[in-house]
Amino acid sequence: MSNSLDSFFHPRGVVVVGASHDPTKLGYGVARNLVHCGYVGGIHFVNPRGGTLLDRPVYTSIASVPDPVDLAVLIIPAPAVPDTLRECGARGVRAAIIASGGFREVGPEGLALENACLQVAARFGIRLLGPNCIGLLDTHLPLDTTFLPPPTPSPGDVAFLSHSGAVCAAVIDWATGQGFGLSQLVSLGNQADVNETDMLAPVAADPNTKVLTLYIEGITTGRRFVDEAKKVTQHKPVIALKVGRFAAGRRAVASHTGALAGEEAAYNAAFRRAGVIRADTNEEMFDWARALAWCPPPAGRAMAVLTNAGGPGAIAADAIESHGLHLTELTADTQAALRALLPPSASVRNPVDMLASASPGQYAQSLRLLLADAAVDGVMVILLPPPMFSADEVAEPLVPVIRDSAKPVVVALMGENLIQRAAQLFRAAHIPDYRFPERAASALAMLAQRGEVLARAHWQPSPLPDVDRAAVRQLFSAADGGSRPFMTQAQVERVLSAYGVRTPRVELARTAEGAAALARELGFPVALKVASPDISHKSDVGGVLLNLGDESAVSDGFMTVLRNARAARPEADVWGAHVQRMIPAGQDVIVGAVQDPQFGAMIMVGSGGIEVEAVRDVAFALAPLSREEADYLLESTWAGRKLRGYRNLQPADRDAVIDVMLRLGQLAADFPELAEIEINPLRVLPEGEGTVALDVRAKVVA
């Protein structure tokens, strides 16, 4: 099947198969939109009844359609689609939009029909969009293959890709009411062939598109999506609204890492690696899209607020802080200039409150002063309809100041009826306006996030040259992954050793006397941990004892951990107990890796111990990691931040933790058959002394 999608976006001619004379039919809607949008290529209609439609001939077969034609829109009963695709293939059509429903969304028979369409398409090299979609449109070409009622969206700079056709229809109407346009819109439908990943590059290549927005219910290609999206986000912002956050059902896992590595963690990690910004609502997505399309990213997170009322200024201050930005301290020169410009009772600190009497000139000049301040990275302008002027009188002088600024400015234009003309002025000038400061602050925060995405674009995982992959490959080839999916302690130690992760010496004792002898050999104090391939969380069954200081304590402890384990898990195969010398004090973290079914290897770091799932102070990333991403991940958890020292905690070897993260991530990426591996805890010793993996469990793919 051809990989080119060019015929969807630059067709020389379009044929509508199923064009209808009945204005109540969808086939009429497609024909109407294609003709009325202004498309200048060939437009052809096919219907067995023939005749004319919209002053154009209706052909009775695809074979009789004249050149040029390379895109077909099929709006016919589902059972007729495979044969129609054969006719399209014979005619030389290389792209088809299947708008018809009645495929996999209706059950097994529909799925079989969809597969039949794919077989025909593969034979003739036809790319398919849909089925069960509303098509695509390009407001600049122009091209409209949808059946949606007019008006079409005005030409703009935000592209929208959606798994839902209904959301497409709502977004078009909403965007028109909000005063911003779309560049392209693609309804993906069932994605039998072309999916969201396929569409990223061609949509991003459109010179009229400045921002890509995605409504997605899932990603079908995992790592390929990440790779393609990362290429795009280095040049254009991508915002995704991923729904289905709280879908029930989890695969069976045996580690804290596996339990916490749910779908949400995987998508968040994938989006961060790709540079995709994730939105929680449609409104949020398009609020951010307008800001990203019309504003430069700020150099930092230091913001200023310019207002004509104290209350909204206070709301803005709270909103800015809550979104991870901060109000900057204006320089003395800026405050002096504002003081000379504004009434004595005005506040010239940040937020700058010019009072309700602020004139259009004071608004514009105050904004110039704020933008000229080196301590200011971006500005929120709050405009309530002032008592002495109209809102549009204030907006007019603000427009050139904002348009000429190299720093982002967003406007909280508060009100409704009295601000309509001002809103039109701002939108015509491509200045984002929002009804409340909270939404404006959110947009500023996303501009800052976009700047940080660009700064992270160069992060690349570095292969580790000092790992023994051959030794690990031999170990995994010997593991059965069936009834005994857990690796033995000796196997785990060999795996970690091959990847340069330090572990203490651990020995298996099968009797109380043997445990005492091993403890004497290793040196007191020691830890005892029940040895069983069937018990993954040893502490939960009373299978761990620490700081045993003599042979008697070890002998008694051996019997205790075995008794506890057998009482809690009578069906478990208990081999004995592992004996390990106690490691010097330090800070503890958890580091784990797990294979996500969608995105592959993921690494986790955070606060460990038995309450890790309750505390949830953890962060995930796709593996392998770059050193910069490992540092970022560690810093996003409290466990990682306190490694620098906190109260009575001495600074610990943070760099050594990052090294373990890199090595464990590389291990998981190198060997997909390693389903889960977890170090809990990883003991972090004082600076310069490294780490020790105190307790490790690993599971191979069943």
# chains A, B, ... in the order shown; residues from 1 in each chain; ligands from 1

call {"tool": "residues_around", "arguments": {"residues": "Arg86 in chain A", "least_positions_apart": "5", "cutoff": "8 Å", "atoms": "only C-alpha atoms", "output": "PDB file with C-alpha atoms, in the first residue's frame"}}
result
ATOM      1  CA  VAL A 120      -9.040  -4.178  -1.629  1.00  0.00           C
ATOM      2  CA  ALA A 121      -7.175  -1.010  -0.688  1.00  0.00           C
ATOM      3  CA  PHE A 124      -4.766  -1.219  -5.451  1.00  0.00           C
TER       4      PHE A 124
END

call {"tool": "select_by_dssp", "arguments": {"residues": "range 40-233 of chain A", "states": "strand (DSSP E)", "output": "PyMOL selection string"}}
result
chain A and resi 42-46+52-53+56-59+71-74+95-98+127-129+136-138+143-144+155-162+182-187+211-216

call {"tool": "residues_around", "arguments": {"residues": "Met285 in chain A", "least_positions_apart": "4", "cutoff": "7 Å", "atoms": "only C-alpha atoms", "output": "PyMOL selection string"}}
result
chain A and resi 239+241+279+281+289

call {"tool": "write_last_selection", "arguments": {"atoms": "C-alpha atoms", "output": "mmCIF file, in the first residue's frame"}}
result
data_model
loop_
_atom_site.group_PDB
_atom_site.id
_atom_site.type_symbol
_atom_site.label_atom_id
_atom_site.label_comp_id
_atom_site.auth_asym_id
_atom_site.auth_seq_id
_atom_site.Cartn_x
_atom_site.Cartn_y
_atom_site.Cartn_z
ATOM 1 C CA ILE A 239 -1.912 19.766 22.119
ATOM 2 C CA LEU A 241 -7.039 15.888 24.646
ATOM 3 C CA ALA A 279 -5.216 19.279 27.915
ATOM 4 C CA THR A 281 -10.945 19.779 28.356
ATOM 5 C CA ALA A 289 -4.061 26.698 20.912
#

call {"tool": "residues_around", "arguments": {"residues": "Gln178 in chain A", "least_positions_apart": "3", "cutoff": "12 Å", "atoms": "only C-alpha atoms", "output": "list in words"}}
result
Pro153, Ser154, Val171, Ile172, Asp173, Trp174, Ala175, Gly181, Leu182, Glu283, Phe286, Asp287, Arg290, Gln420, Ala423, Gln424, Phe426, Arg427, Ala428, Pro432, Asp433, Tyr434 and Arg435 of chain A

call {"tool": "write_last_selection", "arguments": {"atoms": "C-alpha atoms", "output": "CSV table (one decimal), in the first residue's frame"}}
result
chain,number,residue,atom,x,y,z
A,153,PRO,CA,-15.0,27.6,9.7
A,154,SER,CA,-13.1,30.7,8.7
A,171,VAL,CA,-15.6,22.4,17.4
A,172,ILE,CA,-16.4,24.0,14.1
A,173,ASP,CA,-19.4,25.7,15.5
A,174,TRP,CA,-17.7,26.7,18.7
A,175,ALA,CA,-14.6,28.1,16.9
A,181,GLY,CA,-10.5,29.9,12.5
A,182,LEU,CA,-9.1,26.5,11.6
A,283,GLU,CA,-12.1,24.5,26.0
A,286,PHE,CA,-8.4,25.6,22.2
A,287,ASP,CA,-7.6,28.3,24.8
A,290,ARG,CA,-4.9,30.3,20.3
A,420,GLN,CA,-17.9,42.4,22.1
A,423,ALA,CA,-13.1,41.1,21.5
A,424,GLN,CA,-13.4,41.5,17.8
A,426,PHE,CA,-8.2,41.6,19.6
A,427,ARG,CA,-9.2,38.5,17.6
A,428,ALA,CA,-8.7,40.3,14.3
A,432,PRO,CA,-5.9,35.8,22.6
A,433,ASP,CA,-8.6,37.0,24.8
A,434,TYR,CA,-10.3,35.1,27.7
A,435,ARG,CA,-13.3,35.9,29.8

call {"tool": "closest_residue", "arguments": {"among": "A:Arg223, A:Ile43, A:Arg469, A:Pro408", "to": "Asp55 in chain A", "atoms": "only C-alpha atoms"}}
result
A:Ile43

call {"tool": "select_by_dssp", "arguments": {"residues": "range 158-388 of chain A", "states": "alpha helix (DSSP H)", "output": "compact mmCIF listing (two decimals) with C-alpha atoms, in the first residue's frame"}}
result
# COMPACT_ATOMS: atom_id res chain seq x y z
CA GLY A 165 -16.85 13.12 14.10
CA ALA A 166 -19.40 14.61 16.48
CA VAL A 167 -16.66 16.52 18.30
CA CYS A 168 -15.49 17.87 14.93
CA ALA A 169 -18.94 19.29 14.26
CA ALA A 170 -19.13 20.91 17.69
CA VAL A 171 -15.63 22.37 17.43
CA ILE A 172 -16.36 23.99 14.08
CA ASP A 173 -19.44 25.74 15.45
CA TRP A 174 -17.72 26.69 18.71
CA ALA A 175 -14.63 28.07 16.94
CA THR A 176 -16.82 30.24 14.76
CA GLY A 177 -18.53 31.66 17.83
CA GLN A 178 -15.17 32.23 19.56
CA GLU A 196 -3.48 9.82 14.04
CA THR A 197 0.24 9.11 13.74
CA ASP A 198 0.08 9.00 9.94
CA MET A 199 -1.60 12.39 9.86
CA LEU A 200 0.85 14.27 12.09
CA ALA A 201 3.54 15.01 9.51
CA PRO A 202 1.31 16.01 6.56
CA VAL A 203 -0.86 18.27 8.72
CA ALA A 204 2.20 19.86 10.32
CA ARG A 223 6.40 4.48 20.05
CA ARG A 224 5.93 5.48 16.41
CA PHE A 225 3.50 8.16 17.57
CA VAL A 226 6.10 9.39 20.05
CA ASP A 227 8.81 9.50 17.39
CA GLU A 228 6.62 11.27 14.81
CA ALA A 229 5.18 13.72 17.32
CA LYS A 230 8.64 14.62 18.61
CA LYS A 231 9.70 15.58 15.09
CA VAL A 232 6.64 17.80 14.77
CA THR A 233 6.84 19.46 18.20
CA HIS A 256 4.46 -1.47 42.91
CA THR A 257 5.88 -0.22 39.63
CA GLY A 258 3.50 -2.37 37.62
CA ALA A 259 0.53 -1.40 39.79
CA LEU A 260 1.21 2.31 39.36
CA GLU A 263 -2.58 3.85 31.16
CA GLU A 264 -2.52 7.43 32.42
CA ALA A 265 1.09 7.23 33.55
CA ALA A 266 2.04 5.76 30.18
CA TYR A 267 0.27 8.47 28.17
CA ASN A 268 1.71 11.25 30.31
CA ALA A 269 5.20 9.81 29.88
CA ALA A 270 4.70 9.40 26.13
CA PHE A 271 3.38 12.94 25.69
CA ARG A 272 6.26 14.41 27.67
CA ARG A 273 8.84 12.49 25.63
CA ALA A 274 7.13 13.64 22.42
CA ASN A 282 -11.83 20.90 24.83
CA GLU A 283 -12.11 24.49 26.01
CA GLU A 284 -8.66 24.32 27.59
CA MET A 285 -7.17 22.82 24.43
CA PHE A 286 -8.40 25.65 22.21
CA ASP A 287 -7.63 28.32 24.81
CA TRP A 288 -4.05 27.13 24.69
CA ALA A 289 -4.06 26.70 20.91
CA ARG A 290 -4.94 30.35 20.34
CA ALA A 291 -2.18 31.49 22.67
CA LEU A 292 0.37 29.16 21.09
CA ALA A 293 -0.63 30.22 17.58
CA TRP A 294 -0.57 33.95 18.29
CA GLY A 310 -8.05 45.16 42.45
CA GLY A 311 -10.30 42.10 42.75
CA PRO A 312 -9.57 40.65 39.31
CA GLY A 313 -5.89 41.42 39.91
CA ALA A 314 -5.95 39.30 43.06
CA ILE A 315 -7.72 36.50 41.18
CA ALA A 316 -5.06 36.69 38.48
CA ALA A 317 -2.24 36.57 41.06
CA ASP A 318 -3.65 33.39 42.59
CA ALA A 319 -4.23 31.82 39.18
CA ILE A 320 -0.71 32.60 38.01
CA GLU A 321 0.82 30.97 41.09
CA SER A 322 -1.51 27.96 40.87
CA ALA A 332 12.60 50.31 40.71
CA ASP A 333 12.80 52.16 37.37
CA THR A 334 9.58 50.55 36.13
CA GLN A 335 7.75 51.36 39.36
CA ALA A 336 8.97 54.97 39.23
CA ALA A 337 7.79 55.36 35.63
CA LEU A 338 4.40 53.89 36.50
CA ARG A 339 4.10 56.16 39.52
CA ALA A 340 4.70 59.19 37.30
CA LEU A 341 2.07 57.98 34.82
CA PRO A 360 -6.71 54.11 26.98
CA GLY A 361 -3.40 55.95 26.92
CA GLN A 362 -2.51 54.88 30.46
CA TYR A 363 -3.31 51.28 29.59
CA ALA A 364 -1.05 51.34 26.52
CA GLN A 365 1.84 53.18 28.16
CA SER A 366 1.71 51.05 31.30
CA LEU A 367 1.87 47.92 29.18
CA ARG A 368 4.89 49.30 27.30
CA LEU A 369 6.67 49.87 30.62
CA LEU A 370 5.94 46.34 31.83
CA LEU A 371 7.11 44.76 28.58
CA ALA A 372 10.32 46.79 28.70

call {"tool": "closest_residue", "arguments": {"among": "A:Pro66, A:Gly665, A:Gly542, A:Gly586", "to": "Ser462 in chain A", "atoms": "only C-alpha atoms"}}
result
A:Gly665

call {"tool": "residues_around", "arguments": {"residues": "Leu413 in chain A", "least_positions_apart": "3", "cutoff": "9 Å", "atoms": "only C-alpha atoms", "output": "ChimeraX atom specification"}}
result
/A:381-385,391,416,419,422-423,433-437

call {"tool": "write_last_selection", "arguments": {"atoms": "N, CA and C atoms", "output": "mmCIF file, in the first residue's frame"}}
result
data_model
loop_
_atom_site.group_PDB
_atom_site.id
_atom_site.type_symbol
_atom_site.label_atom_id
_atom_site.label_comp_id
_atom_site.auth_asym_id
_atom_site.auth_seq_id
_atom_site.Cartn_x
_atom_site.Cartn_y
_atom_site.Cartn_z
ATOM 1 N N VAL A 381 -3.073 41.200 30.693
ATOM 2 C CA VAL A 381 -3.808 42.464 30.758
ATOM 3 C C VAL A 381 -5.253 42.150 31.107
ATOM 4 N N ILE A 382 -5.743 42.730 32.188
ATOM 5 C CA ILE A 382 -7.143 42.554 32.580
ATOM 6 C C ILE A 382 -7.901 43.812 32.203
ATOM 7 N N LEU A 383 -8.971 43.630 31.456
ATOM 8 C CA LEU A 383 -9.767 44.771 31.008
ATOM 9 C C LEU A 383 -11.226 44.539 31.354
ATOM 10 N N LEU A 384 -11.703 45.268 32.362
ATOM 11 C CA LEU A 384 -13.131 45.350 32.620
ATOM 12 C C LEU A 384 -13.634 46.622 31.954
ATOM 13 N N PRO A 385 -14.841 46.628 31.432
ATOM 14 C CA PRO A 385 -15.338 47.855 30.802
ATOM 15 C C PRO A 385 -15.217 49.036 31.762
ATOM 16 N N ALA A 391 -14.850 49.621 26.168
ATOM 17 C CA ALA A 391 -13.794 48.616 26.156
ATOM 18 C C ALA A 391 -13.010 48.658 24.849
ATOM 19 N N GLU A 416 -19.405 40.559 28.905
ATOM 20 C CA GLU A 416 -20.033 39.901 27.771
ATOM 21 C C GLU A 416 -20.527 40.935 26.771
ATOM 22 N N ILE A 419 -18.179 44.102 25.925
ATOM 23 C CA ILE A 419 -16.809 43.892 25.454
ATOM 24 C C ILE A 419 -16.758 43.245 24.064
ATOM 25 N N ALA A 422 -14.493 45.056 21.554
ATOM 26 C CA ALA A 422 -13.090 44.896 21.950
ATOM 27 C C ALA A 422 -12.596 43.495 21.613
ATOM 28 N N ALA A 423 -13.448 42.498 21.845
ATOM 29 C CA ALA A 423 -13.068 41.125 21.520
ATOM 30 C C ALA A 423 -12.792 40.982 20.030
ATOM 31 N N ASP A 433 -7.871 36.451 23.751
ATOM 32 C CA ASP A 433 -8.646 37.043 24.844
ATOM 33 C C ASP A 433 -9.443 35.952 25.543
ATOM 34 N N TYR A 434 -9.611 36.118 26.850
ATOM 35 C CA TYR A 434 -10.324 35.142 27.677
ATOM 36 C C TYR A 434 -11.259 35.904 28.604
ATOM 37 N N ARG A 435 -12.335 35.242 28.992
ATOM 38 C CA ARG A 435 -13.335 35.945 29.788
ATOM 39 C C ARG A 435 -12.935 36.096 31.251
ATOM 40 N N PHE A 436 -12.040 35.262 31.733
ATOM 41 C CA PHE A 436 -11.670 35.330 33.146
ATOM 42 C C PHE A 436 -10.162 35.153 33.298
ATOM 43 N N PRO A 437 -9.583 35.720 34.355
ATOM 44 C CA PRO A 437 -8.135 35.631 34.557
ATOM 45 C C PRO A 437 -7.625 34.207 34.691
#

call {"tool": "residues_around", "arguments": {"residues": "Val472 in chain A", "least_positions_apart": "2", "cutoff": "10 Å", "atoms": "only C-alpha atoms", "output": "list in words"}}
result
Val467, Asp468, Arg469, Ala470, Gln474, Leu475, Phe476, Ser477, Ala478, Gln491, Val492, Arg494, Val495, Leu496, Ser497, Ala498, Tyr499, Leu667, Asp670 and Phe671 of chain A

call {"tool": "residues_around", "arguments": {"residues": "range 110-118 of chain A", "least_positions_apart": "3", "cutoff": "8 Å", "atoms": "only C-alpha atoms", "output": "tab-separated table (two decimals) with C-alpha atoms, in the first residue's frame"}}
result
chain	number	residue	atom	x	y	z
A	78	ALA	CA	-21.46	-0.17	3.98
A	79	PRO	CA	-21.94	-3.50	2.10
A	81	VAL	CA	-18.01	-0.13	-0.14
A	82	PRO	CA	-15.55	-2.98	-1.00
A	85	LEU	CA	-13.20	0.60	-3.77
A	102	GLY	CA	-21.78	0.24	9.61
A	103	PHE	CA	-18.31	-1.21	10.09
A	104	ARG	CA	-16.43	-2.40	13.17
A	105	GLU	CA	-18.42	-0.05	15.40
A	106	VAL	CA	-21.51	-2.27	14.85
A	107	GLY	CA	-19.94	-5.64	15.61
A	121	ALA	CA	-7.17	-1.01	-0.69
A	122	ALA	CA	-3.92	-2.93	-0.27
A	131	PRO	CA	-14.67	4.48	7.79
A	192	ALA	CA	-8.89	1.12	9.50
A	193	ASP	CA	-5.85	2.40	7.62
